[in-house]
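Enquirer: I am sharing start16.txt, which consists of compact mmCIF, C-alpha atoms:
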```txt
# COMPACT_ATOMS: atom_id res chain seq x y z
CA MET A 1 -23.31 1.85 26.30
CA ASN A 2 -21.93 -1.45 25.11
CA GLN A 3 -19.79 -4.00 26.91
CA ALA A 4 -16.08 -3.20 26.76
CA SER A 5 -14.19 -5.10 24.08
CA VAL A 6 -11.16 -5.00 21.87
CA ILE A 7 -12.17 -2.62 19.10
CA VAL A 8 -10.41 -2.67 15.74
CA VAL A 9 -11.02 0.32 13.47
CA GLY A 10 -10.38 -0.70 9.88
CA SER A 11 -11.16 -3.80 7.80
CA GLY A 12 -8.10 -4.03 5.59
CA LEU A 13 -5.34 -6.59 5.93
CA ALA A 14 -4.01 -4.93 9.10
CA GLY A 15 -7.32 -4.92 10.93
CA TYR A 16 -8.33 -8.43 9.95
CA THR A 17 -4.86 -9.84 10.71
CA VAL A 18 -5.06 -8.56 14.28
CA ALA A 19 -8.60 -9.91 14.68
CA ARG A 20 -7.71 -13.29 13.21
CA GLU A 21 -4.52 -13.74 15.25
CA LEU A 22 -6.14 -12.52 18.46
CA ARG A 23 -9.03 -14.93 18.04
CA ARG A 24 -6.55 -17.74 17.49
CA LEU A 25 -4.85 -16.89 20.78
CA ASP A 26 -7.99 -16.12 22.79
CA SER A 27 -11.30 -17.81 22.04
CA THR A 28 -13.32 -15.75 24.52
CA VAL A 29 -12.27 -12.10 24.13
CA THR A 30 -14.94 -9.87 22.59
CA ILE A 31 -13.72 -8.36 19.33
CA THR A 32 -15.59 -5.67 17.42
CA LEU A 33 -14.32 -4.55 14.02
CA LEU A 34 -15.63 -1.25 12.65
CA SER A 35 -15.37 -0.75 8.90
CA ALA A 36 -15.97 2.48 7.02
CA ASP A 37 -16.90 0.47 3.91
CA HIS A 38 -18.54 -2.88 3.14
CA GLY A 39 -16.21 -4.72 5.52
CA GLY A 40 -15.52 -7.68 3.24
CA PHE A 41 -12.05 -9.16 2.96
CA TYR A 42 -9.91 -9.16 -0.17
CA SER A 43 -6.26 -8.98 -1.16
CA LYS A 44 -5.53 -5.36 -2.07
CA PRO A 45 -2.38 -6.23 -4.10
CA MET A 46 -4.61 -8.18 -6.50
CA LEU A 47 -6.09 -4.91 -7.77
CA SER A 48 -3.02 -3.93 -9.79
CA ASN A 49 -2.89 -7.12 -11.88
CA ALA A 50 -6.53 -8.19 -11.95
CA LEU A 51 -7.01 -7.46 -15.65
CA ALA A 52 -4.27 -9.81 -16.83
CA THR A 53 -5.24 -12.50 -14.32
CA GLY A 54 -8.90 -12.35 -15.39
CA LYS A 55 -10.24 -11.20 -12.03
CA THR A 56 -13.45 -9.20 -11.87
CA PRO A 57 -14.19 -6.86 -8.95
CA ASP A 58 -16.70 -9.40 -7.61
CA SER A 59 -14.23 -12.30 -7.79
CA ILE A 60 -11.55 -10.31 -5.96
CA LEU A 61 -13.71 -10.25 -2.82
CA SER A 62 -12.82 -13.47 -1.00
CA ALA A 63 -15.18 -13.19 1.99
CA SER A 64 -18.18 -11.03 2.83
CA THR A 65 -18.75 -9.22 6.12
CA ASP A 66 -21.01 -12.00 7.37
CA GLN A 67 -18.51 -14.67 6.37
CA MET A 68 -15.65 -12.90 8.16
CA SER A 69 -17.79 -12.42 11.23
CA GLY A 70 -18.69 -16.11 11.28
CA GLN A 71 -15.18 -17.37 10.56
CA LEU A 72 -13.55 -15.31 13.29
CA GLY A 73 -16.33 -15.18 15.84
CA ILE A 74 -16.27 -11.38 15.94
CA THR A 75 -18.74 -8.55 15.40
CA VAL A 76 -18.15 -6.68 12.15
CA GLN A 77 -20.03 -3.42 11.65
CA PRO A 78 -19.84 -2.25 8.02
CA TYR A 79 -20.35 1.36 6.92
CA THR A 80 -19.39 2.56 10.37
CA ARG A 81 -17.07 5.55 10.26
CA VAL A 82 -15.62 6.46 13.65
CA ASP A 83 -16.03 10.18 14.31
CA ALA A 84 -14.10 10.56 17.55
CA ILE A 85 -12.04 8.79 20.20
CA ASP A 86 -12.31 9.70 23.89
CA ALA A 87 -9.23 8.14 25.48
CA THR A 88 -10.31 9.19 28.99
CA ALA A 89 -13.66 7.41 28.65
CA HIS A 90 -12.11 4.52 26.66
CA SER A 91 -14.75 5.08 24.00
CA VAL A 92 -15.21 5.59 20.28
CA TYR A 93 -18.17 7.48 18.81
CA PHE A 94 -19.86 7.08 15.46
CA GLY A 95 -23.18 7.65 13.74
CA ASN A 96 -25.46 9.92 15.71
CA GLY A 97 -23.36 9.84 18.86
CA THR A 98 -23.34 6.07 19.33
CA GLN A 99 -20.76 5.15 21.96
CA LEU A 100 -18.75 1.95 22.08
CA VAL A 101 -16.45 1.27 25.02
CA TYR A 102 -13.12 -0.46 24.49
CA SER A 103 -10.65 -2.17 26.76
CA GLN A 104 -8.00 -1.87 24.03
CA LEU A 105 -8.28 0.01 20.76
CA VAL A 106 -6.50 -0.85 17.51
CA LEU A 107 -6.25 1.75 14.76
CA ALA A 108 -5.84 0.12 11.34
CA LEU A 109 -7.00 3.14 9.40
CA GLY A 110 -5.00 2.70 6.22
CA ALA A 111 -3.87 5.55 3.98
CA ASP A 112 -5.30 7.93 1.41
CA PRO A 113 -3.94 8.46 -2.10
CA VAL A 114 -1.79 11.54 -2.50
CA ARG A 115 -3.59 14.00 -4.77
CA LEU A 116 -1.66 16.53 -6.83
CA SER A 117 -3.07 20.01 -7.28
CA ILE A 118 -3.24 20.23 -11.07
CA PRO A 119 -5.02 23.06 -12.92
CA GLY A 120 -7.53 22.42 -15.66
CA ASP A 121 -11.16 21.42 -16.05
CA GLY A 122 -10.27 17.74 -16.38
CA ALA A 123 -8.25 17.43 -13.18
CA ASP A 124 -11.28 16.74 -10.97
CA GLU A 125 -11.96 13.54 -12.91
CA ILE A 126 -8.60 11.92 -12.15
CA LEU A 127 -9.14 8.43 -10.73
CA SER A 128 -7.14 6.76 -7.98
CA ILE A 129 -7.41 3.15 -6.83
CA ASN A 130 -7.05 2.56 -3.11
CA ASP A 131 -9.72 -0.04 -2.40
CA LEU A 132 -12.16 -2.41 -4.05
CA ASP A 133 -14.84 0.26 -4.53
CA ASP A 134 -12.31 2.47 -6.34
CA TYR A 135 -11.31 -0.48 -8.49
CA ARG A 136 -14.92 -1.24 -9.36
CA LYS A 137 -15.34 2.35 -10.58
CA PHE A 138 -12.10 2.08 -12.57
CA ARG A 139 -13.27 -1.09 -14.33
CA GLU A 140 -16.68 0.42 -15.12
CA ASN A 141 -15.04 3.50 -16.65
CA LEU A 142 -12.56 1.38 -18.60
CA LYS A 143 -15.21 0.00 -20.95
CA ASN A 144 -14.87 2.73 -23.61
CA VAL A 145 -11.21 3.57 -23.05
CA ARG A 146 -8.28 3.10 -25.42
CA HIS A 147 -5.54 5.23 -23.86
CA VAL A 148 -4.83 5.55 -20.11
CA ALA A 149 -2.48 8.17 -18.68
CA ILE A 150 -0.92 7.28 -15.32
CA LEU A 151 0.58 9.84 -12.96
CA GLY A 152 3.40 8.22 -11.02
CA ALA A 153 5.96 5.60 -12.14
CA GLY A 154 6.36 4.03 -8.73
CA LEU A 155 5.46 0.47 -7.82
CA ILE A 156 1.67 0.80 -8.15
CA GLY A 157 1.81 2.96 -11.27
CA CYS A 158 4.11 0.52 -13.03
CA GLU A 159 2.04 -2.50 -12.01
CA PHE A 160 -1.14 -0.92 -13.40
CA ALA A 161 0.71 0.14 -16.55
CA ASN A 162 1.92 -3.42 -17.18
CA ASP A 163 -1.54 -4.82 -16.46
CA LEU A 164 -3.20 -2.43 -18.90
CA VAL A 165 -0.78 -2.91 -21.82
CA ALA A 166 -1.05 -6.68 -21.35
CA LYS A 167 -4.75 -6.34 -22.20
CA GLY A 168 -4.17 -4.12 -25.22
CA TYR A 169 -4.59 -0.64 -23.79
CA GLN A 170 -2.28 2.24 -24.66
CA VAL A 171 -0.52 3.58 -21.58
CA SER A 172 1.48 6.75 -21.00
CA ILE A 173 3.06 7.12 -17.57
CA PHE A 174 4.43 10.37 -16.13
CA ASP A 175 6.90 10.90 -13.30
CA VAL A 176 9.11 13.68 -11.98
CA SER A 177 11.90 11.11 -11.49
CA PRO A 178 14.26 10.36 -14.38
CA GLN A 179 13.49 6.63 -14.01
CA PRO A 180 10.65 4.30 -13.00
CA LEU A 181 10.71 2.85 -9.48
CA GLY A 182 12.97 5.73 -8.49
CA ARG A 183 12.74 4.95 -4.76
CA LEU A 184 13.50 1.27 -5.21
CA LEU A 185 16.02 0.79 -8.01
CA PRO A 186 19.52 2.11 -8.69
CA PRO A 187 19.77 4.01 -12.03
CA GLU A 188 21.13 1.08 -14.08
CA ALA A 189 18.33 -1.19 -12.89
CA GLY A 190 15.78 1.57 -13.46
CA GLN A 191 16.92 1.86 -17.08
CA PHE A 192 16.76 -1.92 -17.57
CA PHE A 193 13.25 -2.00 -16.08
CA ARG A 194 12.13 0.91 -18.25
CA GLU A 195 13.37 -0.72 -21.45
CA LYS A 196 11.52 -3.96 -20.72
CA LEU A 197 8.20 -2.23 -19.98
CA ALA A 198 8.65 0.08 -22.97
CA ALA A 199 9.13 -2.98 -25.18
CA ALA A 200 5.81 -4.28 -23.83
CA GLY A 201 4.10 -1.03 -24.86
CA VAL A 202 4.39 1.39 -21.93
CA ASN A 203 5.18 4.97 -23.00
CA PHE A 204 7.32 6.62 -20.31
CA LEU A 205 7.40 10.41 -19.93
CA LEU A 206 9.93 10.91 -17.16
CA ASP A 207 11.79 13.79 -15.55
CA THR A 208 8.71 15.92 -16.12
CA THR A 209 5.47 17.07 -14.49
CA VAL A 210 1.90 17.39 -15.73
CA GLU A 211 1.09 21.10 -15.50
CA LYS A 212 -2.52 21.13 -16.69
CA ILE A 213 -5.30 18.68 -17.63
CA ASN A 214 -8.10 19.95 -19.83
CA LYS A 215 -11.04 17.98 -21.16
CA GLU A 216 -11.90 18.47 -24.83
CA ASN A 217 -14.39 16.43 -26.83
CA GLY A 218 -14.52 13.75 -24.15
CA ARG A 219 -10.74 13.28 -23.99
CA TYR A 220 -8.18 14.49 -21.48
CA HIS A 221 -5.35 16.68 -22.72
CA LEU A 222 -2.36 16.40 -20.39
CA HIS A 223 0.00 19.33 -20.85
CA TYR A 224 3.38 18.51 -19.41
CA LYS A 225 6.60 20.39 -18.77
CA LYS A 226 8.72 20.87 -21.90
CA GLY A 227 5.64 21.81 -23.89
CA GLY A 228 4.22 18.43 -24.81
CA VAL A 229 0.61 17.24 -24.80
CA VAL A 230 -0.74 13.71 -24.41
CA GLN A 231 -4.37 12.87 -25.14
CA ALA A 232 -5.95 10.11 -23.09
CA ASP A 233 -9.39 8.66 -22.35
CA MET A 234 -8.68 8.16 -18.63
CA VAL A 235 -6.24 9.59 -16.10
CA LEU A 236 -5.17 7.43 -13.19
CA SER A 237 -3.16 8.84 -10.28
CA ALA A 238 -0.65 6.59 -8.50
CA ILE A 239 1.53 9.19 -6.81
CA GLY A 240 1.68 7.52 -3.42
CA LEU A 241 -0.13 7.17 -0.11
CA LYS A 242 -0.54 9.41 2.92
CA PRO A 243 -1.27 7.74 6.30
CA ARG A 244 -4.73 8.51 7.69
CA THR A 245 -4.06 10.37 10.90
CA SER A 246 -6.87 12.90 11.43
CA LEU A 247 -8.79 10.70 13.90
CA ALA A 248 -5.63 10.16 15.94
CA VAL A 249 -4.71 13.86 15.81
CA ALA A 250 -8.12 14.83 17.20
CA ALA A 251 -7.64 12.33 20.03
CA GLY A 252 -4.28 13.86 20.99
CA ILE A 253 -2.18 10.94 19.77
CA GLN A 254 1.37 11.72 18.64
CA ILE A 255 1.85 11.92 14.88
CA ASN A 256 5.05 11.96 12.83
CA ARG A 257 4.83 10.81 9.20
CA GLY A 258 2.11 8.44 10.42
CA ILE A 259 0.62 7.56 13.80
CA ALA A 260 3.76 7.18 15.91
CA VAL A 261 4.04 3.81 17.66
CA ASP A 262 6.82 1.95 19.43
CA ARG A 263 7.84 -1.63 18.70
CA TYR A 264 4.88 -2.90 20.70
CA LEU A 265 2.63 -0.91 18.33
CA GLN A 266 1.63 1.27 21.31
CA THR A 267 0.71 4.88 20.51
CA SER A 268 1.42 7.76 22.84
CA ILE A 269 -1.84 6.92 24.67
CA GLN A 270 -2.10 3.77 26.74
CA ASN A 271 -4.31 0.96 25.40
CA ILE A 272 -4.44 2.51 21.92
CA TYR A 273 -2.39 0.78 19.22
CA ALA A 274 -1.86 1.36 15.51
CA LEU A 275 -0.48 -0.67 12.62
CA GLY A 276 -0.53 -0.91 8.87
CA ASP A 277 -0.44 1.93 6.36
CA CYS A 278 -1.49 4.53 8.94
CA ALA A 279 1.36 3.79 11.36
CA GLU A 280 4.98 4.83 11.71
CA VAL A 281 6.68 1.97 13.54
CA ALA A 282 9.92 2.95 15.29
CA GLY A 283 10.44 5.64 12.65
CA LYS A 284 9.57 3.42 9.66
CA VAL A 285 6.53 3.57 7.38
CA LEU A 286 6.35 0.28 5.47
CA PRO A 287 3.04 -0.03 3.58
CA PHE A 288 3.61 -3.58 2.35
CA ILE A 289 2.06 -6.96 3.05
CA LEU A 290 4.86 -8.64 5.01
CA PRO A 291 5.40 -5.81 7.52
CA ILE A 292 1.66 -5.67 8.15
CA SER A 293 1.50 -9.42 8.71
CA HIS A 294 4.40 -9.36 11.19
CA ALA A 295 2.90 -6.39 13.02
CA GLY A 296 -0.53 -8.00 13.23
CA ARG A 297 0.81 -11.18 14.80
CA ALA A 298 2.97 -9.30 17.31
CA LEU A 299 0.15 -6.98 18.33
CA ALA A 300 -2.34 -9.82 18.75
CA ALA A 301 0.09 -11.55 21.09
CA THR A 302 0.54 -8.37 23.13
CA ILE A 303 -3.20 -7.80 23.45
CA ALA A 304 -3.63 -11.46 24.45
CA GLY A 305 -1.27 -10.87 27.38
CA ASN A 306 2.09 -11.92 25.93
CA ARG A 307 3.85 -8.60 25.41
CA THR A 308 5.71 -9.11 22.13
CA LEU A 309 8.36 -6.86 20.62
CA LEU A 310 7.86 -6.38 16.88
CA ARG A 311 10.72 -7.68 14.78
CA TYR A 312 11.08 -7.23 11.05
CA PRO A 313 13.29 -9.66 9.13
CA ALA A 314 14.51 -8.71 5.68
CA MET A 315 11.34 -8.38 3.62
CA PRO A 316 11.92 -8.04 -0.14
CA VAL A 317 9.20 -6.33 -2.16
CA MET A 318 7.85 -8.12 -5.22
CA VAL A 319 6.91 -5.92 -8.17
CA LYS A 320 4.12 -7.54 -10.20
CA THR A 321 5.25 -6.55 -13.69
CA PRO A 322 5.45 -9.67 -15.89
CA ALA A 323 7.19 -7.68 -18.63
CA CYS A 324 10.08 -7.36 -16.18
CA PRO A 325 9.59 -9.28 -12.91
CA ALA A 326 11.39 -7.56 -10.05
CA VAL A 327 12.21 -8.22 -6.41
CA VAL A 328 13.70 -5.37 -4.39
CA SER A 329 15.08 -5.05 -0.88
CA PRO A 330 16.12 -1.40 -0.57
CA PRO A 331 19.10 -0.75 1.71
CA ASP A 332 18.59 1.20 4.90
CA PRO A 333 19.25 4.91 4.15
CA GLU A 334 21.97 4.88 6.81
CA ALA A 335 23.77 1.84 5.41
CA GLU A 336 27.14 2.70 3.90
CA GLY A 337 28.01 1.00 0.64
CA GLU A 338 27.58 1.10 -3.11
CA TRP A 339 25.62 -0.66 -5.81
CA LYS A 340 27.36 -3.37 -7.81
CA ILE A 341 25.63 -4.26 -11.06
CA GLU A 342 25.80 -7.57 -12.89
CA ILE A 343 24.06 -8.35 -16.16
CA VAL A 344 22.77 -11.91 -16.39
CA GLU A 345 20.93 -13.65 -19.21
CA ASN A 346 17.53 -11.91 -19.53
CA GLY A 347 18.03 -10.13 -16.25
CA MET A 348 20.03 -7.88 -13.97
CA LYS A 349 21.37 -8.27 -10.44
CA ALA A 350 22.17 -5.18 -8.36
CA LEU A 351 23.74 -5.73 -4.93
CA TYR A 352 24.27 -2.98 -2.35
CA GLN A 353 27.39 -3.93 -0.40
CA ASP A 354 29.71 -2.26 2.09
CA GLN A 355 33.51 -2.29 1.84
CA ALA A 356 33.69 -5.62 3.67
CA GLY A 357 31.35 -7.20 1.14
CA ASN A 358 28.35 -7.40 3.50
CA LEU A 359 25.01 -7.27 1.70
CA HIS A 360 22.59 -4.49 2.73
CA GLY A 361 20.12 -4.53 -0.14
CA PHE A 362 19.43 -5.82 -3.63
CA ALA A 363 17.41 -5.35 -6.78
CA LEU A 364 16.76 -8.41 -8.92
CA LEU A 365 15.21 -8.10 -12.37
CA GLY A 366 14.06 -10.69 -14.88
CA THR A 367 15.66 -14.11 -14.44
CA ALA A 368 17.76 -12.84 -11.50
CA THR A 369 14.64 -12.92 -9.30
CA SER A 370 15.37 -16.64 -8.84
CA GLU A 371 18.08 -15.60 -6.36
CA ARG A 372 15.62 -13.88 -4.02
CA ASN A 373 15.64 -16.45 -1.22
CA ALA A 374 19.39 -17.03 -1.22
CA LEU A 375 20.17 -13.31 -1.09
CA SER A 376 17.43 -12.53 1.44
CA ALA A 377 19.13 -14.91 3.86
CA LEU A 378 22.25 -12.73 3.72
CA LEU A 379 20.48 -9.45 4.57
CA PRO A 380 20.41 -7.94 8.06
CA PRO A 381 16.96 -7.66 9.70
CA ILE A 382 15.08 -4.37 9.36
CA LEU A 383 14.23 -4.44 13.07
CA ALA A 384 16.21 -6.96 15.08
```
What do you get writing this file as structure tokens?
Expert:
Amino acid sequence: MNQASVIVVGSGLAGYTVARELRRLDSTVTITLLSADHGGFYSKPMLSNALATGKTPDSILSASTDQMSGQLGITVQPYTRVDAIDATAHSVYFGNGTQLVYSQLVLALGADPVRLSIPGDGADEILSINDLDDYRKFRENLKNVRHVAILGAGLIGCEFANDLVAKGYQVSIFDVSPQPLGRLLPPEAGQFFREKLAAAGVNFLLDTTVEKINKENGRYHLHYKKGGVVQADMVLSAIGLKPRTSLAVAAGIQINRGIAVDRYLQTSIQNIYALGDCAEVAGKVLPFILPISHAGRALAATIAGNRTLLRYPAMPVMVKTPACPAVVSPPDPEAEGEWKIEIVENGMKALYQDQAGNLHGFALLGTATSERNALSALLPPILA
């Protein structure tokens, strides 16, 4: 049995942010970070535009496990998948029953790609990119590819589509929605965005579903609703993410859409916290960089003894699509108002305002993205 410590499960941005901020606040606390993979640190958002920016999988990794351990003065254990949590014994178990005792436990488990159940003998070979190892496999398989089919025209799907066409690949992108970025953009902005990416070479097949994927002569035949067929050399799924919750479920921790936590990032079990893609914070699941950074700083302060309520300011989302740069701050679903659209030179501005003219959200495309900071200052906080 090991000495009790703060244990962080997960080596993504969420886990390392907590470790880094906690070490900054407390130079003596013992911190152990358990990583299911190599444990190195990298910026996950870089994966969706690495081709155009000339980044290789090796260059994306900014610090190895040993470097992170040395920089932060923590113990990092790579390839350590936690099998169980015993909240009564304040312990986690991994390997062949190895026990590690915690004083406080942080779950930064991340999320898994949503996988569609699609018939056909080619469906099992669909790729998804959720981490650096996935991206390495994607780049290796890309060597003899001309045409990539992408399932999902959300943020990640569109970013990969733009990145691929910028390097000369053919791209066809499918989505059940009638527009790209259907959860982020009003219809007029979605159409503007679609036209810009289509002009760059992206082939959109929207308002449809892929019903079967067969493999014939080394190529994938994607049969989609309405009777069409697209042939591609690779199929990439970017449907969305599902919070990893099975470890928490087995430990008896409350789950909603993700691991349910309050605004102190506390789960339903004392001394166990959660943040990042696996967590539902006060009813919100926000798998983006800024929310994770705010949550990591607040949680580190709480663990260090300064109980800190998590606050979210307005946090616009940047869409990395050079063919049509976009910045979006979606309105709260409960906010009453309507979209007001303005065409500007080489861009579009969509403002979601109530009857009194108060701003609750925006979508800025093309040159209108220059107004991001000014408009962000007018938005209400997400969590005050």
Enquirer: Skipping near chain neighbours, those fewer than 6 positions away, what residues fall within 8 Å of Ala14 (chain A) using only C-alpha atoms, listed as a ChimeraX atom specification?
Expert: /A:108,275-276,292-293,296
Enquirer: Go through A:Gln67, A:Gln179, A:Asn217, A:Ser11 one by one, measure the shortest atom-to-atom distance of each to Lys44 (chain A) using only C-alpha atoms, and give the residue with the smallest value.
Expert: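 So, comparing all the options, the nearest one is A:Ser11.
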Enquirer: Phe138 (chain A): which residues within 10 Å, counting all atoms listed in the file, same-chain residues fewer than 6 positions away excluded, as a ChimeraX atom specification?
Expert: /A:57,127-129,132,234,236
Enquirer: Just the number, please: distance in Å from CA of Gly366 (chain A) to CA of Tyr312 (chain A), one decimal.
Expert: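 Computing the Euclidean distance for CA of Gly366 (chain A) and CA of Tyr312 (chain A) yields 26.3 Å.
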Enquirer: For Glu336 (chain A), list every protein, DNA or RNA residue within 12 Å, evaluated using all atoms listed in the file, and leave out those in the same chain fewer than 5 positions away; present the list as a ChimeraX atom specification.
Expert: /A:331,352-361
Enquirer: Would you mind listing what lies within 9 Å of Ala123 (chain A) as a ChimeraX atom specification, with all atoms listed in the file counted and same-chain residues fewer than 2 positions away left out?
Expert: /A:117-121,125-126,212-215,220,235
Enquirer: Residues of the last selection are to be written out with C-alpha atoms, as an mmCIF file, in the coordinates of the input.
Expert:
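Output contents, as saved in part-v1.cif:
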```cif
data_model
loop_
_atom_site.group_PDB
_atom_site.id
_atom_site.type_symbol
_atom_site.label_atom_id
_atom_site.label_comp_id
_atom_site.auth_asym_id
_atom_site.auth_seq_id
_atom_site.Cartn_x
_atom_site.Cartn_y
_atom_site.Cartn_z
ATOM 1 C CA SER A 117 -3.070 20.010 -7.280
ATOM 2 C CA ILE A 118 -3.240 20.230 -11.070
ATOM 3 C CA PRO A 119 -5.020 23.060 -12.920
ATOM 4 C CA GLY A 120 -7.530 22.420 -15.660
ATOM 5 C CA ASP A 121 -11.160 21.420 -16.050
ATOM 6 C CA GLU A 125 -11.960 13.540 -12.910
ATOM 7 C CA ILE A 126 -8.600 11.920 -12.150
ATOM 8 C CA LYS A 212 -2.520 21.130 -16.690
ATOM 9 C CA ILE A 213 -5.300 18.680 -17.630
ATOM 10 C CA ASN A 214 -8.100 19.950 -19.830
ATOM 11 C CA LYS A 215 -11.040 17.980 -21.160
ATOM 12 C CA TYR A 220 -8.180 14.490 -21.480
ATOM 13 C CA VAL A 235 -6.240 9.590 -16.100
#
```
